[in-house]
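To be precise, the following lines are work.cif, and they hold mmCIF, C-alpha atoms.
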```cif
data_data
#
loop_
_atom_site.group_PDB
_atom_site.id
_atom_site.type_symbol
_atom_site.label_atom_id
_atom_site.label_comp_id
_atom_site.auth_asym_id
_atom_site.auth_seq_id
_atom_site.Cartn_x
_atom_site.Cartn_y
_atom_site.Cartn_z
ATOM 1 C CA MET A 1 -24.959 -10.445 -4.110
ATOM 2 C CA LEU A 2 -21.269 -9.539 -4.071
ATOM 3 C CA SER A 3 -20.133 -6.019 -3.216
ATOM 4 C CA PRO A 4 -19.203 -3.656 -6.091
ATOM 5 C CA TYR A 5 -15.569 -3.626 -4.951
ATOM 6 C CA LYS A 6 -15.222 -7.412 -4.894
ATOM 7 C CA ASN A 7 -16.999 -7.732 -8.253
ATOM 8 C CA ALA A 8 -14.581 -5.210 -9.747
ATOM 9 C CA LEU A 9 -11.619 -7.113 -8.315
ATOM 10 C CA ILE A 10 -12.868 -10.395 -9.789
ATOM 11 C CA GLN A 11 -13.358 -8.723 -13.175
ATOM 12 C CA ILE A 12 -9.821 -7.313 -13.336
ATOM 13 C CA ILE A 13 -8.049 -10.383 -11.915
ATOM 14 C CA ASP A 14 -9.833 -12.721 -14.369
ATOM 15 C CA PHE A 15 -8.742 -10.432 -17.196
ATOM 16 C CA LEU A 16 -5.120 -10.056 -16.046
ATOM 17 C CA GLU A 17 -4.574 -13.728 -15.186
ATOM 18 C CA ASN A 18 -5.792 -14.666 -18.638
ATOM 19 C CA LEU A 19 -3.605 -11.996 -20.253
ATOM 20 C CA GLU A 20 -0.545 -13.240 -18.376
ATOM 21 C CA LYS A 21 -1.181 -16.815 -19.522
ATOM 22 C CA THR A 22 -1.793 -15.909 -23.152
ATOM 23 C CA ASN A 23 0.502 -12.901 -23.688
ATOM 24 C CA CYS A 24 3.071 -12.891 -20.838
ATOM 25 C CA VAL A 25 1.856 -9.518 -19.569
ATOM 26 C CA LYS A 26 2.880 -9.509 -15.901
ATOM 27 C CA TYR A 27 0.952 -7.599 -13.278
ATOM 28 C CA TYR A 28 0.656 -7.066 -9.522
ATOM 29 C CA LEU A 29 -1.713 -5.279 -7.164
ATOM 30 C CA VAL A 30 -0.325 -2.465 -5.070
ATOM 31 C CA GLY A 31 -1.548 0.379 -2.852
ATOM 32 C CA GLY A 32 -4.593 0.640 -0.615
ATOM 33 C CA ILE A 33 -6.105 -2.712 -1.542
ATOM 34 C CA LEU A 34 -3.240 -4.394 0.363
ATOM 35 C CA VAL A 35 -3.598 -2.519 3.658
ATOM 36 C CA ASN A 36 -5.726 -5.162 5.391
ATOM 37 C CA LEU A 37 -3.194 -7.793 4.454
ATOM 38 C CA TYR A 38 -0.083 -5.742 5.265
ATOM 39 C CA SER A 39 -0.926 -2.763 7.473
ATOM 40 C CA GLU A 40 -3.740 -1.151 9.461
ATOM 41 C CA PHE A 41 -7.451 -1.357 8.655
ATOM 42 C CA ARG A 42 -8.858 1.226 6.283
ATOM 43 C CA THR A 43 -10.944 1.289 3.133
ATOM 44 C CA THR A 44 -10.009 2.614 -0.289
ATOM 45 C CA GLN A 45 -12.019 3.656 -3.323
ATOM 46 C CA ASP A 46 -9.891 2.386 -6.180
ATOM 47 C CA ILE A 47 -7.815 -0.598 -7.256
ATOM 48 C CA ASP A 48 -4.152 0.168 -8.006
ATOM 49 C CA LEU A 49 -2.192 -2.201 -10.182
ATOM 50 C CA ALA A 50 1.089 -2.205 -12.053
ATOM 51 C CA ILE A 51 1.536 -3.859 -15.421
ATOM 52 C CA ASP A 52 4.618 -4.725 -17.431
ATOM 53 C CA PHE A 53 4.628 -4.476 -21.221
ATOM 54 C CA ASN A 54 8.400 -4.858 -21.520
ATOM 55 C CA THR A 55 8.332 -8.623 -22.184
ATOM 56 C CA THR A 56 5.316 -8.739 -24.478
ATOM 57 C CA LYS A 57 4.493 -7.700 -28.021
ATOM 58 C CA ILE A 58 1.308 -6.000 -26.858
ATOM 59 C CA LYS A 59 1.393 -2.215 -27.160
ATOM 60 C CA ILE A 60 -0.356 0.114 -24.731
ATOM 61 C CA ASN A 61 -3.032 1.073 -27.262
ATOM 62 C CA GLU A 62 -3.731 -2.597 -28.006
ATOM 63 C CA TYR A 63 -4.021 -3.241 -24.280
ATOM 64 C CA ILE A 64 -6.581 -0.430 -23.983
ATOM 65 C CA ASP A 65 -8.537 -2.021 -26.856
ATOM 66 C CA LEU A 66 -8.499 -5.320 -24.944
ATOM 67 C CA ILE A 67 -9.780 -3.569 -21.824
ATOM 68 C CA ARG A 68 -12.656 -2.150 -23.846
ATOM 69 C CA GLU A 69 -13.452 -5.528 -25.419
ATOM 70 C CA ASN A 70 -13.568 -7.121 -21.969
ATOM 71 C CA ASP A 71 -16.443 -4.994 -20.679
ATOM 72 C CA PHE A 72 -14.464 -2.419 -18.777
ATOM 73 C CA HIS A 73 -15.705 1.138 -19.175
ATOM 74 C CA PRO A 74 -13.784 4.369 -19.849
ATOM 75 C CA PHE A 75 -13.314 6.921 -17.079
ATOM 76 C CA GLN A 76 -14.289 9.577 -19.612
ATOM 77 C CA ASP A 77 -13.835 8.213 -23.144
ATOM 78 C CA TRP A 78 -11.362 5.738 -24.667
ATOM 79 C CA GLU A 79 -9.539 8.331 -26.801
ATOM 80 C CA SER A 80 -8.770 10.435 -23.710
ATOM 81 C CA THR A 81 -7.701 7.252 -21.902
ATOM 82 C CA LYS A 82 -5.119 6.571 -24.632
ATOM 83 C CA ILE A 83 -3.808 10.145 -24.676
ATOM 84 C CA LEU A 84 -3.509 10.269 -20.882
ATOM 85 C CA ALA A 85 -1.813 6.864 -20.797
ATOM 86 C CA GLU A 86 0.888 8.150 -23.178
ATOM 87 C CA GLU A 87 1.348 11.337 -21.164
ATOM 88 C CA THR A 88 1.214 9.972 -17.612
ATOM 89 C CA ASN A 89 1.953 6.220 -17.834
ATOM 90 C CA ILE A 90 -1.293 5.563 -16.000
ATOM 91 C CA ILE A 91 -4.328 3.954 -17.602
ATOM 92 C CA GLN A 92 -7.484 4.858 -15.697
ATOM 93 C CA PHE A 93 -10.735 3.029 -16.355
ATOM 94 C CA LEU A 94 -13.860 1.754 -14.613
ATOM 95 C CA ASP A 95 -15.387 -1.652 -13.971
ATOM 96 C CA ILE A 96 -18.460 -2.939 -15.793
ATOM 97 C CA THR A 97 -20.810 -1.154 -13.354
ATOM 98 C CA ASP A 98 -19.100 2.260 -13.715
ATOM 99 C CA THR A 99 -18.364 2.255 -9.986
ATOM 100 C CA ILE A 100 -14.800 1.212 -9.195
ATOM 101 C CA ARG A 101 -11.802 2.900 -10.814
ATOM 102 C CA TYR A 102 -8.638 1.047 -11.720
ATOM 103 C CA ASP A 103 -5.383 3.006 -11.652
ATOM 104 C CA ASN A 104 -3.242 0.933 -13.964
ATOM 105 C CA HIS A 105 0.406 2.035 -13.660
ATOM 106 C CA ILE A 106 2.626 1.149 -16.599
ATOM 107 C CA ILE A 107 5.993 -0.211 -15.500
ATOM 108 C CA ILE A 108 9.002 1.586 -16.975
ATOM 109 C CA LYS A 109 12.045 -0.684 -17.334
ATOM 110 C CA PHE A 110 14.821 1.872 -17.063
ATOM 111 C CA SER A 111 14.443 5.144 -15.200
ATOM 112 C CA GLU A 112 16.286 7.205 -12.610
ATOM 113 C CA ASN A 113 12.978 8.605 -11.370
ATOM 114 C CA LYS A 114 12.182 6.894 -8.041
ATOM 115 C CA TYR A 115 8.444 6.883 -8.761
ATOM 116 C CA LYS A 116 9.091 4.873 -11.916
ATOM 117 C CA LYS A 117 11.956 2.770 -10.556
ATOM 118 C CA ILE A 118 9.870 1.219 -7.767
ATOM 119 C CA GLY A 119 7.536 -0.329 -10.371
ATOM 120 C CA ILE A 120 10.119 -2.667 -11.899
ATOM 121 C CA ILE A 121 11.796 -3.350 -8.548
ATOM 122 C CA ALA A 122 8.503 -4.577 -7.060
ATOM 123 C CA LEU A 123 7.675 -6.627 -10.161
ATOM 124 C CA ASN A 124 10.757 -8.781 -9.662
ATOM 125 C CA ARG A 125 9.656 -9.720 -6.126
ATOM 126 C CA ARG A 126 5.887 -9.926 -6.564
ATOM 127 C CA VAL A 127 4.187 -12.656 -4.506
ATOM 128 C CA ARG A 128 1.066 -14.781 -4.786
ATOM 129 C CA GLU A 129 -1.583 -13.951 -2.156
ATOM 130 C CA GLU A 130 -5.315 -14.241 -1.592
ATOM 131 C CA VAL A 131 -7.004 -10.841 -1.622
ATOM 132 C CA PHE A 132 -10.722 -10.894 -0.783
ATOM 133 C CA GLY A 133 -10.546 -14.649 -1.391
ATOM 134 C CA ILE A 134 -9.100 -14.237 -4.886
ATOM 135 C CA GLU A 135 -5.634 -15.572 -5.635
ATOM 136 C CA CYS A 136 -3.515 -13.025 -7.479
ATOM 137 C CA TRP A 137 -0.089 -11.343 -7.745
ATOM 138 C CA VAL A 138 0.647 -8.587 -5.241
ATOM 139 C CA ALA A 139 3.660 -6.467 -4.264
ATOM 140 C CA SER A 140 5.707 -8.022 -1.437
ATOM 141 C CA LYS A 141 5.557 -6.492 2.053
ATOM 142 C CA GLU A 142 9.021 -4.968 1.627
ATOM 143 C CA ASP A 143 8.075 -3.368 -1.697
ATOM 144 C CA PHE A 144 4.756 -2.208 -0.243
ATOM 145 C CA ILE A 145 6.758 -0.304 2.402
ATOM 146 C CA LEU A 146 9.268 1.048 -0.113
ATOM 147 C CA SER A 147 6.619 2.243 -2.563
ATOM 148 C CA LYS A 148 4.738 3.971 0.260
ATOM 149 C CA LEU A 149 7.938 5.732 1.361
ATOM 150 C CA VAL A 150 8.637 6.778 -2.238
ATOM 151 C CA PHE A 151 5.223 8.403 -2.653
ATOM 152 C CA GLY A 152 5.495 10.073 0.739
ATOM 153 C CA GLY A 153 2.053 11.375 1.675
ATOM 154 C CA TRP A 154 0.614 11.170 5.194
ATOM 155 C CA GLN A 155 -1.516 8.128 4.328
ATOM 156 C CA ASP A 156 1.462 6.487 2.596
ATOM 157 C CA TYR A 157 3.638 6.869 5.701
ATOM 158 C CA SER A 158 0.828 5.625 7.895
ATOM 159 C CA ASP A 159 0.445 2.489 5.721
ATOM 160 C CA ALA A 160 4.220 1.890 5.707
ATOM 161 C CA LEU A 161 4.450 2.361 9.472
ATOM 162 C CA GLY A 162 1.594 -0.095 10.037
ATOM 163 C CA CYS A 163 3.328 -2.721 7.912
ATOM 164 C CA TRP A 164 6.635 -2.147 9.685
ATOM 165 C CA ILE A 165 5.119 -2.435 13.200
ATOM 166 C CA ARG A 166 3.112 -5.508 12.197
ATOM 167 C CA PHE A 167 5.793 -7.478 10.367
ATOM 168 C CA LYS A 168 9.195 -6.074 11.421
ATOM 169 C CA ASN A 169 10.422 -9.498 12.603
ATOM 170 C CA LYS A 170 9.567 -11.123 9.298
ATOM 171 C CA LEU A 171 10.828 -8.536 6.802
ATOM 172 C CA ASP A 172 14.013 -8.804 4.742
ATOM 173 C CA LEU A 173 15.966 -5.958 6.364
ATOM 174 C CA PHE A 174 18.989 -6.333 4.122
ATOM 175 C CA TYR A 175 16.794 -5.902 1.038
ATOM 176 C CA LEU A 176 14.945 -2.943 2.562
ATOM 177 C CA LYS A 177 18.162 -1.102 3.420
ATOM 178 C CA LYS A 178 19.850 -1.844 0.106
ATOM 179 C CA THR A 179 16.846 -0.854 -2.009
ATOM 180 C CA SER A 180 16.133 2.273 0.035
ATOM 181 C CA LYS A 181 19.633 3.484 -0.921
ATOM 182 C CA ASP A 182 18.906 2.805 -4.562
ATOM 183 C CA LEU A 183 15.640 4.757 -4.312
ATOM 184 C CA ARG A 184 17.209 7.513 -2.210
ATOM 185 C CA ILE A 185 14.742 7.054 0.638
ATOM 186 C CA GLU A 186 17.218 5.951 3.330
ATOM 187 C CA ARG A 187 16.189 8.776 5.645
ATOM 188 C CA GLU A 188 12.526 7.734 5.405
ATOM 189 C CA LEU A 189 13.389 4.074 6.075
ATOM 190 C CA ASN A 190 15.711 4.860 8.987
ATOM 191 C CA LEU A 191 13.019 6.944 10.642
ATOM 192 C CA LEU A 192 10.494 4.133 10.109
ATOM 193 C CA MET A 193 12.874 1.670 11.771
ATOM 194 C CA SER A 194 13.701 4.034 14.645
ATOM 195 C CA GLY A 195 10.848 2.859 16.897
ATOM 196 C CA ILE A 196 8.396 5.606 16.032
ATOM 197 C CA GLU A 197 4.802 4.543 16.755
ATOM 198 C CA ASP A 198 2.529 7.265 15.410
ATOM 199 C CA PRO A 199 2.028 8.506 11.806
ATOM 200 C CA ASP A 200 1.705 12.192 12.834
ATOM 201 C CA GLU A 201 5.081 12.011 14.591
ATOM 202 C CA TYR A 202 6.604 10.328 11.566
ATOM 203 C CA PHE A 203 5.163 12.838 9.117
ATOM 204 C CA GLU A 204 6.249 15.809 11.209
ATOM 205 C CA LYS A 205 9.796 14.501 11.661
ATOM 206 C CA ILE A 206 10.286 13.623 8.012
ATOM 207 C CA ASN A 207 9.022 17.016 6.901
ATOM 208 C CA GLY A 208 11.069 18.859 9.521
ATOM 209 C CA TYR A 209 8.181 20.498 11.377
ATOM 210 C CA MET B 1 -0.212 24.192 12.675
ATOM 211 C CA ARG B 2 -1.433 21.986 15.493
ATOM 212 C CA SER B 3 -0.425 22.693 19.083
ATOM 213 C CA LYS B 4 1.667 20.153 20.965
ATOM 214 C CA GLU B 5 -1.343 19.307 23.170
ATOM 215 C CA ASP B 6 -3.504 18.658 20.107
ATOM 216 C CA ARG B 7 -0.864 16.361 18.662
ATOM 217 C CA GLU B 8 -0.554 14.410 21.904
ATOM 218 C CA TYR B 9 -4.320 14.109 22.186
ATOM 219 C CA ARG B 10 -4.581 12.915 18.579
ATOM 220 C CA LYS B 11 -1.851 10.350 19.216
ATOM 221 C CA ILE B 12 -3.590 8.937 22.314
ATOM 222 C CA VAL B 13 -6.997 8.799 20.657
ATOM 223 C CA ARG B 14 -5.633 7.209 17.489
ATOM 224 C CA ASN B 15 -3.669 4.529 19.395
ATOM 225 C CA PHE B 16 -1.988 3.510 16.153
ATOM 226 C CA LYS B 17 0.171 0.781 17.673
ATOM 227 C CA GLY B 18 -2.841 -0.743 19.428
ATOM 228 C CA ARG B 19 -4.783 -0.754 16.177
ATOM 229 C CA VAL B 20 -1.924 -2.430 14.351
ATOM 230 C CA ASP B 21 -1.650 -5.026 17.152
ATOM 231 C CA MET B 22 -5.357 -5.693 16.689
ATOM 232 C CA MET B 23 -4.737 -6.450 12.999
ATOM 233 C CA ASN B 24 -2.595 -9.434 13.972
ATOM 234 C CA ARG B 25 -5.404 -10.794 16.160
ATOM 235 C CA ALA B 26 -8.271 -10.358 13.678
ATOM 236 C CA SER B 27 -8.850 -12.804 10.842
ATOM 237 C CA ILE B 28 -8.312 -11.512 7.326
ATOM 238 C CA GLU B 29 -11.840 -12.723 6.429
ATOM 239 C CA THR B 30 -13.348 -10.470 9.130
ATOM 240 C CA LEU B 31 -11.244 -7.484 8.054
ATOM 241 C CA GLU B 32 -12.142 -7.951 4.399
ATOM 242 C CA ALA B 33 -15.849 -8.343 5.195
ATOM 243 C CA MET B 34 -15.683 -5.093 7.205
ATOM 244 C CA PHE B 35 -13.897 -3.380 4.343
ATOM 245 C CA LEU B 36 -16.528 -4.426 1.783
ATOM 246 C CA GLU B 37 -19.418 -3.456 4.023
ATOM 247 C CA LEU B 38 -17.964 -0.041 4.869
ATOM 248 C CA HIS B 39 -16.984 0.624 1.276
ATOM 249 C CA GLU B 40 -20.457 -0.160 -0.044
ATOM 250 C CA PHE B 41 -22.176 1.833 2.688
ATOM 251 C CA GLY B 42 -19.909 4.859 2.139
ATOM 252 C CA LEU B 43 -20.366 4.718 -1.619
ATOM 253 C CA ASN B 44 -24.166 4.479 -1.451
ATOM 254 C CA GLU B 45 -24.377 7.299 1.089
ATOM 255 C CA TYR B 46 -22.122 9.513 -1.050
ATOM 256 C CA ILE B 47 -24.215 8.913 -4.174
ATOM 257 C CA LYS B 48 -27.453 9.529 -2.242
ATOM 258 C CA LYS B 49 -26.205 12.840 -0.816
ATOM 259 C CA GLU B 50 -24.806 14.043 -4.137
ATOM 260 C CA ARG B 51 -28.128 13.216 -5.854
ATOM 261 C CA GLU B 52 -29.960 15.308 -3.277
ATOM 262 C CA LYS B 53 -27.549 18.209 -3.818
ATOM 263 C CA GLN B 54 -27.383 17.938 -7.620
ATOM 264 C CA PRO B 55 -30.343 15.969 -8.999
ATOM 265 C CA ASN B 56 -29.326 16.587 -12.626
ATOM 266 C CA LYS B 57 -25.996 14.827 -12.283
ATOM 267 C CA THR B 58 -25.858 11.287 -13.633
ATOM 268 C CA ARG B 59 -24.555 8.464 -11.464
ATOM 269 C CA LYS B 60 -21.398 8.281 -13.586
ATOM 270 C CA GLU B 61 -20.759 12.024 -13.225
ATOM 271 C CA ILE B 62 -21.070 11.638 -9.456
ATOM 272 C CA ILE B 63 -18.580 8.750 -9.495
ATOM 273 C CA ILE B 64 -16.088 10.670 -11.677
ATOM 274 C CA ASP B 65 -16.260 13.710 -9.384
ATOM 275 C CA MET B 66 -15.846 11.461 -6.357
ATOM 276 C CA TYR B 67 -12.578 10.115 -7.777
ATOM 277 C CA LYS B 68 -11.362 13.612 -8.635
ATOM 278 C CA LEU B 69 -11.901 14.606 -5.008
ATOM 279 C CA HIS B 70 -10.264 11.360 -3.874
ATOM 280 C CA ASP B 71 -7.151 12.146 -5.993
ATOM 281 C CA LYS B 72 -6.979 15.694 -4.670
ATOM 282 C CA LEU B 73 -7.057 14.476 -1.067
ATOM 283 C CA LYS B 74 -4.600 11.627 -1.718
ATOM 284 C CA ASN B 75 -2.049 13.835 -3.427
ATOM 285 C CA SER B 76 -2.401 16.870 -1.153
ATOM 286 C CA SER B 77 0.182 15.633 1.372
ATOM 287 C CA ARG B 78 2.544 14.082 -1.185
ATOM 288 C CA ARG B 79 5.720 16.047 -1.754
ATOM 289 C CA GLY B 80 6.330 15.505 -5.456
ATOM 290 C CA TYR B 81 3.839 14.739 -8.158
ATOM 291 C CA ALA B 82 3.994 10.988 -8.507
ATOM 292 C CA GLU B 83 3.006 10.415 -12.084
ATOM 293 C CA SER B 84 3.786 6.718 -12.305
ATOM 294 C CA LEU B 85 5.127 3.693 -10.521
#
```
Step by step, read the file and then write its structure as structure tokens.
Amino acid sequence: MLSPYKNALIQIIDFLENLEKTNCVKYYLVGGILVNLYSEFRTTQDIDLAIDFNTTKIKINEYIDLIRENDFHPFQDWESTKILAEETNIIQFLDITDTIRYDNHIIIKFSENKYKKIGIIALNRRVREEVFGIECWVASKEDFILSKLVFGGWQDYSDALGCWIRFKNKLDLFYLKKTSKDLRIERELNLLMSGIEDPDEYFEKINGY
Amino acid sequence: MRSKEDREYRKIVRNFKGRVDMMNRASIETLEAMFLELHEFGLNEYIKKEREKQPNKTRKEIIIDMYKLHDKLKNSSRRGYAESL
């Protein structure tokens, strides 16, 4: 028997791959699910993904109807899901077993807000990878680092630092520096690249303790 | 606020760089198998303990509350409220 997490991943990837083929709705996985691939070992409870409705005729409410029709379950109820999606640009729902939550971030095409901007930036450089043996679209290593620096919590910095230490010789430094300026996180990136080796030290320095 | 000694001790015990180095030596299949096993174990234990504490709660209510707690912990150290990618 497969684990609940892997089952939930298969369910969402099957759905999204099919949606991309039939309706050009692009997606990628992001966040904690990528840490084993890109950073240091840890587990996570949810599955974060970003989805782009800018090049499709499908509206957010229609997408939520499709989720419902494809055996996903509401976090609370579908009406609240729709209201919250409009308000927050995040669609939250559960897998068929009511166990794993998907945090489905809606990509905003034009925004000056760094939290929104990173979504479209990462979409343009998404890559194909195998996650838990399932081939799917994921954020690139560089965009994984940048999105973690944008969100800026202790765990985010720890994940970004792990990716930097692990892959610093393979990363596109020019892209990282250029995009960090655009996202106004140069200070965070410079500190990451400074040779720091511990997340506590990083977090304390960035927050000026 | 932690003392300097505490921070140093935490740093040595965590050995972050060593753990990251280990990631490059372990196969992704092993890491993912560990992830799935730990995730399932943690989830089942959490549900079991919550059922003992609050027997009237449904499984779904337990799961919803677990995610609410998860969000609270995840966002507690983030500087701004990150409402969307």
For Asp48 (chain A), find every residue with an atom within 7 Å (counting only C-alpha atoms), except residues of its own chain fewer than 2 positions away, and show them as a ChimeraX atom specification. /A:29-31,46,102-104
Please determine the contact residues of chain A with respect to chain B at a cut-off of 7 Å, counting all atoms listed in the file, and supply them as a list in words. Ser3, Tyr5, Asn36, Leu37, Ser39, Glu40, Thr43, Thr88, Asn89, Ile90, Asp98, Thr99, His105, Ile107, Tyr115, Lys116, Lys117, Ile118, Gly119, Phe132, Phe151, Gly152, Gly153, Trp154, Gly162, Arg166, Glu197 and Asp198 of chain A
How far is it from CA of Ser111 (chain A) to CA of Glu20 (chain A), in Å with one decimal? 23.9 Å
Could you give me the axis-aligned bounding box of region 63-66 of chain A, with 6 Å of padding per side, as centre plus edge lengths in Å to one decimal, as lines of an AutoDock Vina configuration file?
```
center_x = -6.3
center_y = -2.9
center_z = -25.4
size_x = 16.5
size_y = 16.9
size_z = 14.9
```
Report, in Å to a single decimal, how far apart CA of Lys26 (chain A) and CA of Val127 (chain A) are.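 Interatomic distance, CA of Val127 (chain A) to CA of Lys26 (chain A): 11.9 Å.
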What separation in Å, quoted to one decimal, exists between CA of Ile100 (chain A) and CA of Gln45 (chain A)? 6.9 Å
Extract, using only C-alpha atoms, all DNA, RNA and protein residues at most 12 Å from Phe144 (chain A), discarding same-chain residues fewer than 3 positions from it, and format them as number ranges by chain. A: 28-35, 37-39, 118-119, 121-123, 125-127, 138-141, 147-151, 156-164, 167, 171, 176; B: 85
Please determine, counting all atoms listed in the file, which residue among A:Asn23, A:Thr81, A:Thr97, A:Gln92 has the shortest atom-to-atom distance to Ala8 (chain A). A:Thr97
Write out as a VMD selection string the residues lying within 7 Å of region 60-67 of chain A, counting all atoms listed in the file and excluding same-chain residues fewer than 4 positions away. chain A and resid 71 to 72 82
